[in-house]
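> Enclosed is the structure file query-v1.cif (mmCIF, C-alpha atoms and all ligand atoms).
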data_entry
#
loop_
_atom_site.group_PDB
_atom_site.id
_atom_site.type_symbol
_atom_site.label_atom_id
_atom_site.label_comp_id
_atom_site.auth_asym_id
_atom_site.auth_seq_id
_atom_site.Cartn_x
_atom_site.Cartn_y
_atom_site.Cartn_z
ATOM 1 C CA MET U 9 4.202 -33.039 29.103
ATOM 2 C CA ARG U 10 0.682 -33.174 27.736
ATOM 3 C CA THR U 11 -1.795 -35.770 28.844
ATOM 4 C CA CYS U 12 -4.379 -37.361 26.579
ATOM 5 C CA TRP U 13 -6.995 -40.041 27.158
ATOM 6 C CA ILE U 14 -7.189 -43.255 25.186
ATOM 7 C CA ASN U 15 -9.421 -46.285 25.685
ATOM 8 C CA GLY U 16 -10.178 -45.462 29.293
ATOM 9 C CA GLN U 17 -6.772 -44.250 30.435
ATOM 10 C CA PHE U 18 -5.028 -40.930 30.866
ATOM 11 C CA VAL U 19 -1.506 -41.229 29.456
ATOM 12 C CA PRO U 20 1.229 -38.884 28.183
ATOM 13 C CA GLU U 21 0.461 -38.062 24.524
ATOM 14 C CA SER U 22 3.747 -39.635 23.425
ATOM 15 C CA GLU U 23 2.615 -42.954 24.889
ATOM 16 C CA ALA U 24 -0.829 -43.058 23.241
ATOM 17 C CA LYS U 25 -0.860 -45.665 20.475
ATOM 18 C CA LEU U 26 -3.450 -46.781 17.942
ATOM 19 C CA SER U 27 -3.078 -50.072 16.032
ATOM 20 C CA ILE U 28 -2.248 -50.029 12.306
ATOM 21 C CA PHE U 29 -5.323 -52.276 12.049
ATOM 22 C CA ASP U 30 -7.601 -49.726 13.608
ATOM 23 C CA ARG U 31 -10.475 -49.067 11.201
ATOM 24 C CA GLY U 32 -10.013 -45.375 11.764
ATOM 25 C CA VAL U 33 -6.555 -45.736 10.213
ATOM 26 C CA LEU U 34 -7.570 -48.199 7.472
ATOM 27 C CA PHE U 35 -10.931 -46.765 6.373
ATOM 28 C CA GLY U 36 -11.481 -43.474 8.154
ATOM 29 C CA ASP U 37 -14.270 -45.460 9.833
ATOM 30 C CA GLY U 38 -14.954 -43.120 12.714
ATOM 31 C CA VAL U 39 -16.560 -39.933 13.941
ATOM 32 C CA TYR U 40 -15.310 -37.058 16.050
ATOM 33 C CA GLU U 41 -16.110 -33.843 17.867
ATOM 34 C CA VAL U 42 -14.253 -30.661 18.687
ATOM 35 C CA ALA U 43 -15.488 -28.506 21.565
ATOM 36 C CA ALA U 44 -14.091 -25.178 22.689
ATOM 37 C CA VAL U 45 -12.571 -24.535 26.098
ATOM 38 C CA PHE U 46 -13.215 -21.016 27.343
ATOM 39 C CA GLN U 47 -12.155 -19.618 30.708
ATOM 40 C CA GLY U 48 -10.913 -23.122 31.445
ATOM 41 C CA ARG U 49 -14.369 -24.661 30.977
ATOM 42 C CA LEU U 50 -15.871 -26.691 28.155
ATOM 43 C CA LEU U 51 -18.333 -24.748 26.050
ATOM 44 C CA ASP U 52 -21.532 -26.458 24.847
ATOM 45 C CA ALA U 53 -19.986 -29.889 25.375
ATOM 46 C CA ASP U 54 -23.481 -31.312 25.923
ATOM 47 C CA LEU U 55 -24.477 -30.199 22.408
ATOM 48 C CA HIS U 56 -21.294 -31.654 20.928
ATOM 49 C CA LEU U 57 -21.848 -34.968 22.695
ATOM 50 C CA ALA U 58 -25.456 -35.076 21.488
ATOM 51 C CA ARG U 59 -24.160 -34.649 17.924
ATOM 52 C CA LEU U 60 -21.558 -37.364 18.567
ATOM 53 C CA THR U 61 -24.347 -39.713 19.681
ATOM 54 C CA ARG U 62 -26.212 -38.958 16.457
ATOM 55 C CA SER U 63 -23.101 -39.485 14.290
ATOM 56 C CA LEU U 64 -22.413 -42.807 16.030
ATOM 57 C CA GLY U 65 -26.011 -43.893 15.461
ATOM 58 C CA GLU U 66 -25.884 -42.967 11.770
ATOM 59 C CA ILE U 67 -22.877 -45.248 11.201
ATOM 60 C CA GLY U 68 -24.138 -48.082 13.408
ATOM 61 C CA MET U 69 -21.457 -47.766 16.051
ATOM 62 C CA PRO U 70 -22.049 -48.275 19.772
ATOM 63 C CA ALA U 71 -21.159 -45.468 22.170
ATOM 64 C CA PRO U 72 -17.710 -46.089 23.672
ATOM 65 C CA ALA U 73 -18.746 -44.667 27.055
ATOM 66 C CA SER U 74 -21.578 -42.676 28.580
ATOM 67 C CA ASN U 75 -21.753 -39.008 27.663
ATOM 68 C CA ASP U 76 -21.291 -38.183 31.360
ATOM 69 C CA THR U 77 -17.993 -40.061 31.359
ATOM 70 C CA LEU U 78 -16.877 -38.401 28.120
ATOM 71 C CA LEU U 79 -17.819 -35.004 29.516
ATOM 72 C CA GLU U 80 -15.754 -35.642 32.631
ATOM 73 C CA VAL U 81 -12.799 -36.832 30.552
ATOM 74 C CA MET U 82 -12.944 -33.785 28.281
ATOM 75 C CA GLN U 83 -13.116 -31.315 31.171
ATOM 76 C CA SER U 84 -10.359 -33.149 32.981
ATOM 77 C CA LEU U 85 -8.090 -32.918 29.895
ATOM 78 C CA ALA U 86 -8.690 -29.167 29.685
ATOM 79 C CA THR U 87 -7.904 -28.761 33.377
ATOM 80 C CA THR U 88 -4.863 -31.036 33.671
ATOM 81 C CA ASN U 89 -3.327 -29.551 30.537
ATOM 82 C CA GLY U 90 -3.858 -26.040 31.871
ATOM 83 C CA ILE U 91 -6.047 -24.899 28.966
ATOM 84 C CA ASP U 92 -7.666 -21.519 29.547
ATOM 85 C CA GLU U 93 -8.752 -21.002 25.915
ATOM 86 C CA GLY U 94 -8.524 -23.853 23.451
ATOM 87 C CA LEU U 95 -10.219 -27.034 22.412
ATOM 88 C CA VAL U 96 -10.770 -30.670 23.210
ATOM 89 C CA TYR U 97 -10.748 -33.155 20.317
ATOM 90 C CA LEU U 98 -12.593 -36.464 20.763
ATOM 91 C CA GLN U 99 -12.546 -39.318 18.254
ATOM 92 C CA VAL U 100 -14.288 -42.687 18.157
ATOM 93 C CA THR U 101 -13.424 -45.316 15.564
ATOM 94 C CA ARG U 102 -14.848 -48.771 14.969
ATOM 95 C CA GLY U 103 -11.732 -50.252 16.486
ATOM 96 C CA GLU U 104 -9.129 -52.835 15.608
ATOM 97 C CA ALA U 105 -9.979 -55.724 13.300
ATOM 98 C CA GLU U 106 -8.624 -57.694 10.333
ATOM 99 C CA ARG U 107 -8.994 -55.502 7.241
ATOM 100 C CA ASP U 108 -12.440 -56.202 5.808
ATOM 101 C CA PHE U 109 -14.909 -53.521 4.753
ATOM 102 C CA PRO U 110 -18.123 -54.662 6.497
ATOM 103 C CA PHE U 111 -18.382 -54.179 10.255
ATOM 104 C CA PRO U 112 -16.418 -56.718 12.331
ATOM 105 C CA THR U 113 -18.679 -58.979 14.388
ATOM 106 C CA THR U 114 -17.196 -58.085 17.739
ATOM 107 C CA VAL U 115 -16.951 -54.338 17.879
ATOM 108 C CA LYS U 116 -14.861 -52.616 20.497
ATOM 109 C CA PRO U 117 -14.565 -48.986 19.498
ATOM 110 C CA SER U 118 -11.304 -47.113 19.950
ATOM 111 C CA VAL U 119 -11.718 -43.766 21.618
ATOM 112 C CA PHE U 120 -9.301 -41.001 22.430
ATOM 113 C CA ALA U 121 -9.286 -37.337 23.326
ATOM 114 C CA TYR U 122 -6.703 -34.598 23.690
ATOM 115 C CA ALA U 123 -6.633 -30.877 24.477
ATOM 116 C CA ARG U 124 -4.886 -27.942 22.808
ATOM 117 C CA PRO U 125 -4.623 -24.233 23.604
ATOM 118 C CA LYS U 126 -5.995 -21.775 21.005
ATOM 119 C CA LYS U 127 -6.720 -18.058 21.196
ATOM 120 C CA LEU U 128 -10.469 -17.579 21.083
ATOM 121 C CA SER U 129 -11.424 -14.238 22.652
ATOM 122 C CA ASP U 130 -8.418 -12.412 21.247
ATOM 123 C CA ASP U 131 -8.289 -14.187 17.893
ATOM 124 C CA PRO U 132 -6.243 -12.100 15.424
ATOM 125 C CA ASN U 133 -8.514 -13.474 12.680
ATOM 126 C CA ALA U 134 -11.356 -11.400 14.115
ATOM 127 C CA ALA U 135 -9.950 -8.570 11.957
ATOM 128 C CA GLY U 136 -11.187 -10.536 8.940
ATOM 129 C CA VAL U 137 -10.060 -13.518 6.894
ATOM 130 C CA ALA U 138 -10.013 -14.445 3.209
ATOM 131 C CA VAL U 139 -11.596 -17.529 1.624
ATOM 132 C CA HIS U 140 -10.897 -19.398 -1.606
ATOM 133 C CA VAL U 141 -13.742 -20.893 -3.645
ATOM 134 C CA VAL U 142 -13.364 -24.607 -4.427
ATOM 135 C CA PRO U 143 -15.712 -27.354 -5.650
ATOM 136 C CA ASP U 144 -17.276 -29.393 -2.859
ATOM 137 C CA LEU U 145 -15.948 -32.883 -3.577
ATOM 138 C CA ARG U 146 -17.461 -34.574 -0.518
ATOM 139 C CA TRP U 147 -19.844 -37.511 -0.225
ATOM 140 C CA ALA U 148 -23.636 -37.396 0.221
ATOM 141 C CA ARG U 149 -23.695 -37.594 4.047
ATOM 142 C CA CYS U 150 -21.989 -34.389 5.142
ATOM 143 C CA ASP U 151 -24.344 -34.314 8.155
ATOM 144 C CA ILE U 152 -22.239 -37.077 9.734
ATOM 145 C CA LYS U 153 -19.142 -35.730 11.461
ATOM 146 C CA SER U 154 -16.923 -38.383 9.955
ATOM 147 C CA THR U 155 -13.144 -38.640 10.204
ATOM 148 C CA SER U 156 -13.047 -39.468 6.444
ATOM 149 C CA MET U 157 -12.030 -36.002 5.304
ATOM 150 C CA LEU U 158 -9.840 -36.227 2.202
ATOM 151 C CA ALA U 159 -12.071 -33.756 0.337
ATOM 152 C CA GLN U 160 -11.715 -31.195 3.152
ATOM 153 C CA VAL U 161 -7.956 -31.798 3.307
ATOM 154 C CA LEU U 162 -7.714 -30.978 -0.415
ATOM 155 C CA ALA U 163 -10.092 -28.004 -0.111
ATOM 156 C CA LYS U 164 -8.217 -26.485 2.818
ATOM 157 C CA GLN U 165 -4.838 -27.131 1.211
ATOM 158 C CA ALA U 166 -6.042 -25.316 -1.926
ATOM 159 C CA ALA U 167 -7.243 -22.474 0.320
ATOM 160 C CA ARG U 168 -3.862 -22.265 2.026
ATOM 161 C CA ALA U 169 -1.982 -22.436 -1.281
ATOM 162 C CA ALA U 170 -4.122 -19.496 -2.437
ATOM 163 C CA GLY U 171 -2.990 -17.572 0.632
ATOM 164 C CA THR U 172 -6.412 -17.707 2.291
ATOM 165 C CA PHE U 173 -7.661 -18.906 5.671
ATOM 166 C CA GLU U 174 -10.551 -21.140 4.678
ATOM 167 C CA ALA U 175 -12.211 -22.774 1.676
ATOM 168 C CA MET U 176 -15.637 -21.712 0.433
ATOM 169 C CA MET U 177 -16.975 -24.981 -0.939
ATOM 170 C CA GLN U 178 -19.562 -24.795 -3.699
ATOM 171 C CA GLU U 179 -21.712 -27.230 -5.623
ATOM 172 C CA ASP U 180 -23.472 -26.096 -8.827
ATOM 173 C CA GLY U 181 -22.701 -22.506 -7.863
ATOM 174 C CA LEU U 182 -24.359 -22.814 -4.435
ATOM 175 C CA VAL U 183 -22.185 -22.420 -1.364
ATOM 176 C CA THR U 184 -22.316 -25.512 0.831
ATOM 177 C CA GLU U 185 -19.973 -24.644 3.722
ATOM 178 C CA GLY U 186 -16.368 -23.935 4.630
ATOM 179 C CA GLY U 187 -13.759 -26.687 4.825
ATOM 180 C CA SER U 188 -14.391 -26.821 8.568
ATOM 181 C CA SER U 189 -16.942 -24.072 9.194
ATOM 182 C CA THR U 190 -20.464 -22.856 8.462
ATOM 183 C CA LEU U 191 -20.718 -19.933 6.026
ATOM 184 C CA TRP U 192 -23.083 -16.969 6.220
ATOM 185 C CA ILE U 193 -23.794 -13.775 4.284
ATOM 186 C CA VAL U 194 -25.616 -10.551 5.121
ATOM 187 C CA LYS U 195 -27.439 -8.613 2.401
ATOM 188 C CA ASP U 196 -29.666 -5.574 2.967
ATOM 189 C CA GLY U 197 -29.854 -6.310 6.691
ATOM 190 C CA VAL U 198 -30.872 -9.972 6.305
ATOM 191 C CA THR U 199 -28.534 -12.786 7.375
ATOM 192 C CA TYR U 200 -28.542 -15.988 5.321
ATOM 193 C CA THR U 201 -27.160 -19.444 5.984
ATOM 194 C CA ARG U 202 -27.852 -22.726 4.252
ATOM 195 C CA PRO U 203 -30.696 -24.836 5.709
ATOM 196 C CA LEU U 204 -29.823 -28.134 7.364
ATOM 197 C CA SER U 205 -29.701 -31.180 5.097
ATOM 198 C CA SER U 206 -27.286 -34.012 4.366
ATOM 199 C CA ASP U 207 -25.273 -31.470 2.310
ATOM 200 C CA ILE U 208 -23.825 -29.784 5.403
ATOM 201 C CA LEU U 209 -22.833 -30.457 8.970
ATOM 202 C CA ALA U 210 -25.311 -29.213 11.569
ATOM 203 C CA GLY U 211 -22.828 -26.818 13.178
ATOM 204 C CA ILE U 212 -23.234 -26.363 16.914
ATOM 205 C CA THR U 213 -22.033 -22.773 16.538
ATOM 206 C CA ARG U 214 -24.566 -22.351 13.720
ATOM 207 C CA ASP U 215 -27.390 -23.358 16.073
ATOM 208 C CA VAL U 216 -26.177 -21.047 18.819
ATOM 209 C CA ALA U 217 -25.686 -18.137 16.403
ATOM 210 C CA ILE U 218 -29.212 -18.591 15.031
ATOM 211 C CA ALA U 219 -30.610 -18.531 18.584
ATOM 212 C CA LEU U 220 -28.589 -15.397 19.378
ATOM 213 C CA ALA U 221 -29.791 -13.689 16.192
ATOM 214 C CA ILE U 222 -33.408 -14.518 17.040
ATOM 215 C CA ASP U 223 -32.871 -13.209 20.599
ATOM 216 C CA VAL U 224 -31.975 -9.774 19.303
ATOM 217 C CA SER U 225 -34.563 -9.851 16.476
ATOM 218 C CA MET U 226 -31.931 -9.957 13.753
ATOM 219 C CA PRO U 227 -33.608 -10.852 10.423
ATOM 220 C CA LEU U 228 -32.342 -14.310 9.480
ATOM 221 C CA VAL U 229 -33.295 -16.707 6.722
ATOM 222 C CA GLN U 230 -32.085 -20.274 6.340
ATOM 223 C CA ARG U 231 -31.650 -20.354 2.576
ATOM 224 C CA ALA U 232 -28.833 -21.470 0.287
ATOM 225 C CA PHE U 233 -26.893 -18.688 -1.452
ATOM 226 C CA THR U 234 -24.654 -18.672 -4.504
ATOM 227 C CA VAL U 235 -20.983 -17.782 -4.725
ATOM 228 C CA ASP U 236 -22.055 -14.722 -6.761
ATOM 229 C CA GLN U 237 -24.401 -13.650 -3.950
ATOM 230 C CA ALA U 238 -21.607 -14.082 -1.415
ATOM 231 C CA VAL U 239 -19.270 -11.968 -3.521
ATOM 232 C CA ALA U 240 -21.954 -9.253 -3.799
ATOM 233 C CA ALA U 241 -22.959 -9.456 -0.119
ATOM 234 C CA ASP U 242 -22.609 -6.614 2.381
ATOM 235 C CA GLU U 243 -21.006 -8.989 4.875
ATOM 236 C CA CYS U 244 -19.809 -12.560 4.935
ATOM 237 C CA PHE U 245 -18.713 -14.579 7.953
ATOM 238 C CA LEU U 246 -17.962 -18.076 9.171
ATOM 239 C CA THR U 247 -18.732 -19.909 12.380
ATOM 240 C CA SER U 248 -17.189 -22.921 14.075
ATOM 241 C CA ALA U 249 -16.687 -24.180 17.609
ATOM 242 C CA THR U 250 -13.078 -23.002 17.685
ATOM 243 C CA SER U 251 -13.412 -19.839 15.587
ATOM 244 C CA PHE U 252 -16.679 -18.600 17.106
ATOM 245 C CA VAL U 253 -17.774 -15.925 14.593
ATOM 246 C CA LEU U 254 -15.118 -14.676 12.142
ATOM 247 C CA PRO U 255 -15.579 -11.988 9.484
ATOM 248 C CA ILE U 256 -14.746 -12.945 5.881
ATOM 249 C CA THR U 257 -13.487 -9.785 4.234
ATOM 250 C CA ARG U 258 -12.269 -11.229 0.917
ATOM 251 C CA ILE U 259 -13.483 -14.000 -1.400
ATOM 252 C CA ASP U 260 -10.588 -14.806 -3.732
ATOM 253 C CA ASP U 261 -9.877 -11.489 -5.486
ATOM 254 C CA THR U 262 -13.048 -9.711 -4.396
ATOM 255 C CA VAL U 263 -13.249 -7.595 -1.284
ATOM 256 C CA VAL U 264 -16.506 -8.160 0.634
ATOM 257 C CA GLY U 265 -18.395 -4.978 1.489
ATOM 258 C CA ASN U 266 -15.866 -2.336 2.421
ATOM 259 C CA GLY U 267 -13.257 -4.940 3.378
ATOM 260 C CA THR U 268 -13.667 -4.608 7.135
ATOM 261 C CA PRO U 269 -15.790 -6.617 9.595
ATOM 262 C CA GLY U 270 -19.431 -5.578 9.159
ATOM 263 C CA PRO U 271 -21.829 -4.523 11.932
ATOM 264 C CA VAL U 272 -23.963 -7.691 11.913
ATOM 265 C CA THR U 273 -20.883 -9.919 12.064
ATOM 266 C CA GLN U 274 -19.378 -7.870 14.886
ATOM 267 C CA ARG U 275 -22.621 -7.871 16.820
ATOM 268 C CA LEU U 276 -22.959 -11.642 16.520
ATOM 269 C CA ARG U 277 -19.326 -12.211 17.507
ATOM 270 C CA GLU U 278 -19.783 -10.026 20.598
ATOM 271 C CA ALA U 279 -23.044 -11.773 21.490
ATOM 272 C CA TYR U 280 -21.328 -15.134 21.067
ATOM 273 C CA LEU U 281 -18.412 -14.093 23.285
ATOM 274 C CA ASP U 282 -20.778 -12.692 25.936
ATOM 275 C CA ARG U 283 -22.707 -15.943 26.026
ATOM 276 C CA ALA U 284 -19.474 -17.957 26.195
ATOM 277 C CA ARG U 285 -18.240 -15.830 29.124
ATOM 278 C CA ARG U 286 -21.548 -16.225 30.918
ATOM 279 C CA LEU U 287 -21.720 -20.003 30.435
ATOM 280 C CA THR U 288 -18.156 -20.634 31.531
ATOM 281 C CA THR U 289 -18.090 -18.368 34.570
ATOM 282 C CA VAL U 290 -18.167 -20.629 37.617
HETATM 283 N N1 LIG W 301 -18.927 -27.628 8.709
HETATM 284 C C1 LIG W 301 -17.875 -28.465 8.692
HETATM 285 C C2 LIG W 301 -17.611 -29.252 7.449
HETATM 286 C C3 LIG W 301 -17.053 -28.588 9.820
HETATM 287 O O1 LIG W 301 -16.020 -29.436 9.808
HETATM 288 C C4 LIG W 301 -17.319 -27.799 10.958
HETATM 289 C C5 LIG W 301 -16.427 -27.876 12.156
HETATM 290 N N2 LIG W 301 -16.592 -29.053 12.849
HETATM 291 C C6 LIG W 301 -18.425 -26.946 10.935
HETATM 292 C C7 LIG W 301 -19.207 -26.883 9.797
HETATM 293 C C8 LIG W 301 -18.793 -26.111 12.131
HETATM 294 O O2 LIG W 301 -19.361 -26.921 13.115
HETATM 295 P P1 LIG W 301 -19.282 -26.499 14.653
HETATM 296 O O3 LIG W 301 -19.919 -25.156 14.749
HETATM 297 O O4 LIG W 301 -20.046 -27.541 15.348
HETATM 298 O O5 LIG W 301 -17.833 -26.475 14.999
#
Would you give me this structure, written as structure tokens?
Ligand code: PMP

Amino acid sequence: MRTCWINGQFVPESEAKLSIFDRGVLFGDGVYEVAAVFQGRLLDADLHLARLTRSLGEIGMPAPASNDTLLEVMQSLATTNGIDEGLVYLQVTRGEAERDFPFPTTVKPSVFAYARPKKLSDDPNAAGVAVHVVPDLRWARCDIKSTSMLAQVLAKQAARAAGTFEAMMQEDGLVTEGGSSTLWIVKDGVTYTRPLSSDILAGITRDVAIALAIDVSMPLVQRAFTVDQAVAADECFLTSATSFVLPITRIDDTVVGNGTPGPVTQRLREAYLDRARRLTTV
């Protein structure tokens, strides 16, 4: 029986209930985080909670608890549910109120978290995944990690229907990001990823990967690239908290590079795994 945490209490998942009047249900009025669990320990949870604090601030919502408390809850969920490799999901919504669009006057956020196992070090997708190009139909504040995600649901469903692992979202020919990941290309030894703006989420894994690349003097430029440039790239890869670094070896019908994980991608994935092992060894 799995245990989750909701509004201050650990309960069996089957007993966790959210009101039909919760604004998360009615409006998608909430924000969330997903952090990896590696070797039984949370990875970069401090960075995820800092981003949660920012997301909450951007939508004018008070923090439901201190970050120390949330950190303890998240680690405890990983431990009690016996997660060696996996993730902890944390969501905060504006809470339960009569259905009316503006903020309710008395705000008591709803908050819950749960844990799930997922293969991270031995991910079969590390052999390479395919992506499907779709239009980016999202709103103008993609920097907020909002639970309103209909556009990503449609993008990732289209990707799955096309027999691929992830969507490559584009706007005016420029790649924005994956349905739930940051996208990167490598051309002539230089790694490119889109600069931060309200067009993309500031990926935690993106930040870490940039720092790792700088550490080993890997040439890296934060610049937007087109779908055509991705298709013609030597390597393409994605990053996310629960995928780490995954090679993209096909974009729709076009094989990327020679169709196998490239050297830069493999080096970054190894560096990411090494760092994760180091940080979670107690
Ligand atoms: N972009 C989007 C749209 C995402 O949903 C995610 C996953 N949360 C990412 C990028 C990657 O972010 P992170 O590295 O923090 O998981």
> Under the PyMOL selection byres (((chain U and resi 133) around 10) and not hetatm), which residues of this model are included? Write them out as an NGL selection string.
:U and (127-128 or 130-132 or 134-138 or 173 or 251 or 253-256)
> Any idea what's packed within 12 Å of Ala148 of chain U, counting all atoms listed in the file, ignoring anything in its chain fewer than 5 positions away? Could you give it as a ChimeraX atom specification?
/U:154,179,184,205-209
> For segment 41-45 of chain U, please output as a PyMOL selection string all residues within 8 Å (counting only C-alpha atoms; exclusion window: fewer than 2 positions along the same chain).
chain U and resi 39+47-53+56-57+60+86+91-99+153+249-250
> Write the residues of the selection above to a file with C-alpha atoms, as a short mmCIF file (atom, residue, chain, number, x, y, z; two decimals), in the coordinates of the input.

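Below is the file part_26.cif, written as the result:
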data_model
loop_
_atom_site.label_atom_id
_atom_site.label_comp_id
_atom_site.auth_asym_id
_atom_site.auth_seq_id
_atom_site.Cartn_x
_atom_site.Cartn_y
_atom_site.Cartn_z
CA VAL U 39 -16.56 -39.93 13.94
CA GLN U 47 -12.16 -19.62 30.71
CA GLY U 48 -10.91 -23.12 31.44
CA ARG U 49 -14.37 -24.66 30.98
CA LEU U 50 -15.87 -26.69 28.16
CA LEU U 51 -18.33 -24.75 26.05
CA ASP U 52 -21.53 -26.46 24.85
CA ALA U 53 -19.99 -29.89 25.38
CA HIS U 56 -21.29 -31.65 20.93
CA LEU U 57 -21.85 -34.97 22.70
CA LEU U 60 -21.56 -37.36 18.57
CA ALA U 86 -8.69 -29.17 29.68
CA ILE U 91 -6.05 -24.90 28.97
CA ASP U 92 -7.67 -21.52 29.55
CA GLU U 93 -8.75 -21.00 25.92
CA GLY U 94 -8.52 -23.85 23.45
CA LEU U 95 -10.22 -27.03 22.41
CA VAL U 96 -10.77 -30.67 23.21
CA TYR U 97 -10.75 -33.16 20.32
CA LEU U 98 -12.59 -36.46 20.76
CA GLN U 99 -12.55 -39.32 18.25
CA LYS U 153 -19.14 -35.73 11.46
CA ALA U 249 -16.69 -24.18 17.61
CA THR U 250 -13.08 -23.00 17.68
#
> Quick one: of U:Leu26, U:Leu34, U:Ile152, U:Cys12, who's nearest to Thr87 of chain U, counting all atoms listed in the file?
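Checking each of U:Leu26, U:Leu34, U:Ile152, U:Cys12 against Thr87 of chain U, counting all atoms listed in the file, the winner is U:Cys12.
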> Listing only residues of chain U within 6 Å of ligand LIG 301 (chain W), what is the closest atom pair and its distance in Å (to one decimal) for each, using all atoms listed in the file, sorted by chain and residue number ascending, as a tab-separated table?

residue	atom	partner	partner_atom	distance
U:Glu185	CA	W:LIG301	N1	5.9
U:Gly187	CA	W:LIG301	C2	5.3
U:Ser188	CA	W:LIG301	O1	3.3
U:Ser189	CA	W:LIG301	C7	3.7
U:Thr190	CA	W:LIG301	C7	4.4
U:Leu209	CA	W:LIG301	N1	4.8
U:Gly211	CA	W:LIG301	O2	3.5
U:Ile212	CA	W:LIG301	O4	3.7
U:Thr213	CA	W:LIG301	O3	3.7
U:Arg214	CA	W:LIG301	O3	5.5
U:Thr247	CA	W:LIG301	O3	5.9
U:Ser248	CA	W:LIG301	O3	3.6
U:Ala249	CA	W:LIG301	O5	3.7
> For atom CA of Lys195 of chain U and atom CA of Ala241 of chain U, determine how far apart the two atoms are, in Å to one decimal place.
5.2 Å
> Between U:Pro203, U:Pro143, U:Gly68, U:Gly32, which has the minimum distance to Val100 of chain U (counting all atoms listed in the file)?
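With all atoms listed in the file as the atom set, the closest residue is U:Gly32.
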> Work out where the centre of an axis-aligned box around every listed atom of segment 37-51 of chain U lies and how long its edges are once 3 Å is added on each side; give both in Å to one decimal as lines of an AutoDock Vina configuration file.

center_x = -14.6
center_y = -32.5
center_z = 20.6
size_x = 13.4
size_y = 31.8
size_z = 27.6
> Taking only C-alpha atoms into account, which of U:Ala232, U:Leu145, U:Leu276, U:Val139 comes nearest Thr257 of chain U?
U:Val139
> Which residue out of U:Ala217, U:Ile222, U:Val142, U:Val161 has the minimum interatomic distance to Val183 of chain U when all atoms listed in the file are used?
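Selected residue with least distance to Val183 of chain U: U:Val142.
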> Mind checking which residues fall within 12 Å of Arg102 of chain U, counting only C-alpha atoms, ignoring those fewer than 5 positions away in the same chain, and posting them as a PyMOL selection string?
chain U and resi 26-27+29-40+64+67-72+107+109-119+154-155
> Create the file for the chosen residues now, containing C-alpha atoms and written as an mmCIF file, in the coordinates of the input.

data_model
loop_
_atom_site.group_PDB
_atom_site.id
_atom_site.type_symbol
_atom_site.label_atom_id
_atom_site.label_comp_id
_atom_site.auth_asym_id
_atom_site.auth_seq_id
_atom_site.Cartn_x
_atom_site.Cartn_y
_atom_site.Cartn_z
ATOM 1 C CA LEU U 26 -3.450 -46.781 17.942
ATOM 2 C CA SER U 27 -3.078 -50.072 16.032
ATOM 3 C CA PHE U 29 -5.323 -52.276 12.049
ATOM 4 C CA ASP U 30 -7.601 -49.726 13.608
ATOM 5 C CA ARG U 31 -10.475 -49.067 11.201
ATOM 6 C CA GLY U 32 -10.013 -45.375 11.764
ATOM 7 C CA VAL U 33 -6.555 -45.736 10.213
ATOM 8 C CA LEU U 34 -7.570 -48.199 7.472
ATOM 9 C CA PHE U 35 -10.931 -46.765 6.373
ATOM 10 C CA GLY U 36 -11.481 -43.474 8.154
ATOM 11 C CA ASP U 37 -14.270 -45.460 9.833
ATOM 12 C CA GLY U 38 -14.954 -43.120 12.714
ATOM 13 C CA VAL U 39 -16.560 -39.933 13.941
ATOM 14 C CA TYR U 40 -15.310 -37.058 16.050
ATOM 15 C CA LEU U 64 -22.413 -42.807 16.030
ATOM 16 C CA ILE U 67 -22.877 -45.248 11.201
ATOM 17 C CA GLY U 68 -24.138 -48.082 13.408
ATOM 18 C CA MET U 69 -21.457 -47.766 16.051
ATOM 19 C CA PRO U 70 -22.049 -48.275 19.772
ATOM 20 C CA ALA U 71 -21.159 -45.468 22.170
ATOM 21 C CA PRO U 72 -17.710 -46.089 23.672
ATOM 22 C CA ARG U 107 -8.994 -55.502 7.241
ATOM 23 C CA PHE U 109 -14.909 -53.521 4.753
ATOM 24 C CA PRO U 110 -18.123 -54.662 6.497
ATOM 25 C CA PHE U 111 -18.382 -54.179 10.255
ATOM 26 C CA PRO U 112 -16.418 -56.718 12.331
ATOM 27 C CA THR U 113 -18.679 -58.979 14.388
ATOM 28 C CA THR U 114 -17.196 -58.085 17.739
ATOM 29 C CA VAL U 115 -16.951 -54.338 17.879
ATOM 30 C CA LYS U 116 -14.861 -52.616 20.497
ATOM 31 C CA PRO U 117 -14.565 -48.986 19.498
ATOM 32 C CA SER U 118 -11.304 -47.113 19.950
ATOM 33 C CA VAL U 119 -11.718 -43.766 21.618
ATOM 34 C CA SER U 154 -16.923 -38.383 9.955
ATOM 35 C CA THR U 155 -13.144 -38.640 10.204
#
> Could you tell me how far atom CA of Glu243 of chain U sits from atom CA of Gly270 of chain U, in Å to one decimal place?
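About the pair atom CA of Gly270 of chain U and atom CA of Glu243 of chain U: they are 5.7 Å apart.
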> I'd like the interatomic distance between atom CA of Pro227 of chain U and atom CA of Val198 of chain U, to a tenth of an Å.
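Result for atom CA of Pro227 of chain U versus atom CA of Val198 of chain U: 5.0 Å, one decimal.
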> I need the residue nearest Leu246 of chain U from this list: U:Gln83, U:Thr199, U:Thr288, U:Thr234. Use all atoms listed in the file for the distance.
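Selected residue with least distance to Leu246 of chain U: U:Thr199.
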> Find, counting all atoms listed in the file, the residue in U:Ala219, U:Leu281, U:Cys244, U:Ala121 that gets nearest to Phe18 of chain U.
U:Ala121
> Please expand the PyMOL selection byres (((chain U and resi 19) around 12) and not hetatm) into the concrete residues it hits in this file, giving the result as a PyMOL selection string.
chain U and resi 9-18+20-25+85+88-89+120-122
> Evaluate the PyMOL selection byres (((chain U and resi 264) around 9) and not hetatm) on the structure here and hand back the selected residues as a list in words.
Ala238, Val239, Ala240, Ala241, Asp242, Glu243, Cys244, Ile256, Thr257, Arg258, Ile259, Thr262, Val263, Gly265, Asn266, Gly267 and Thr268 of chain U
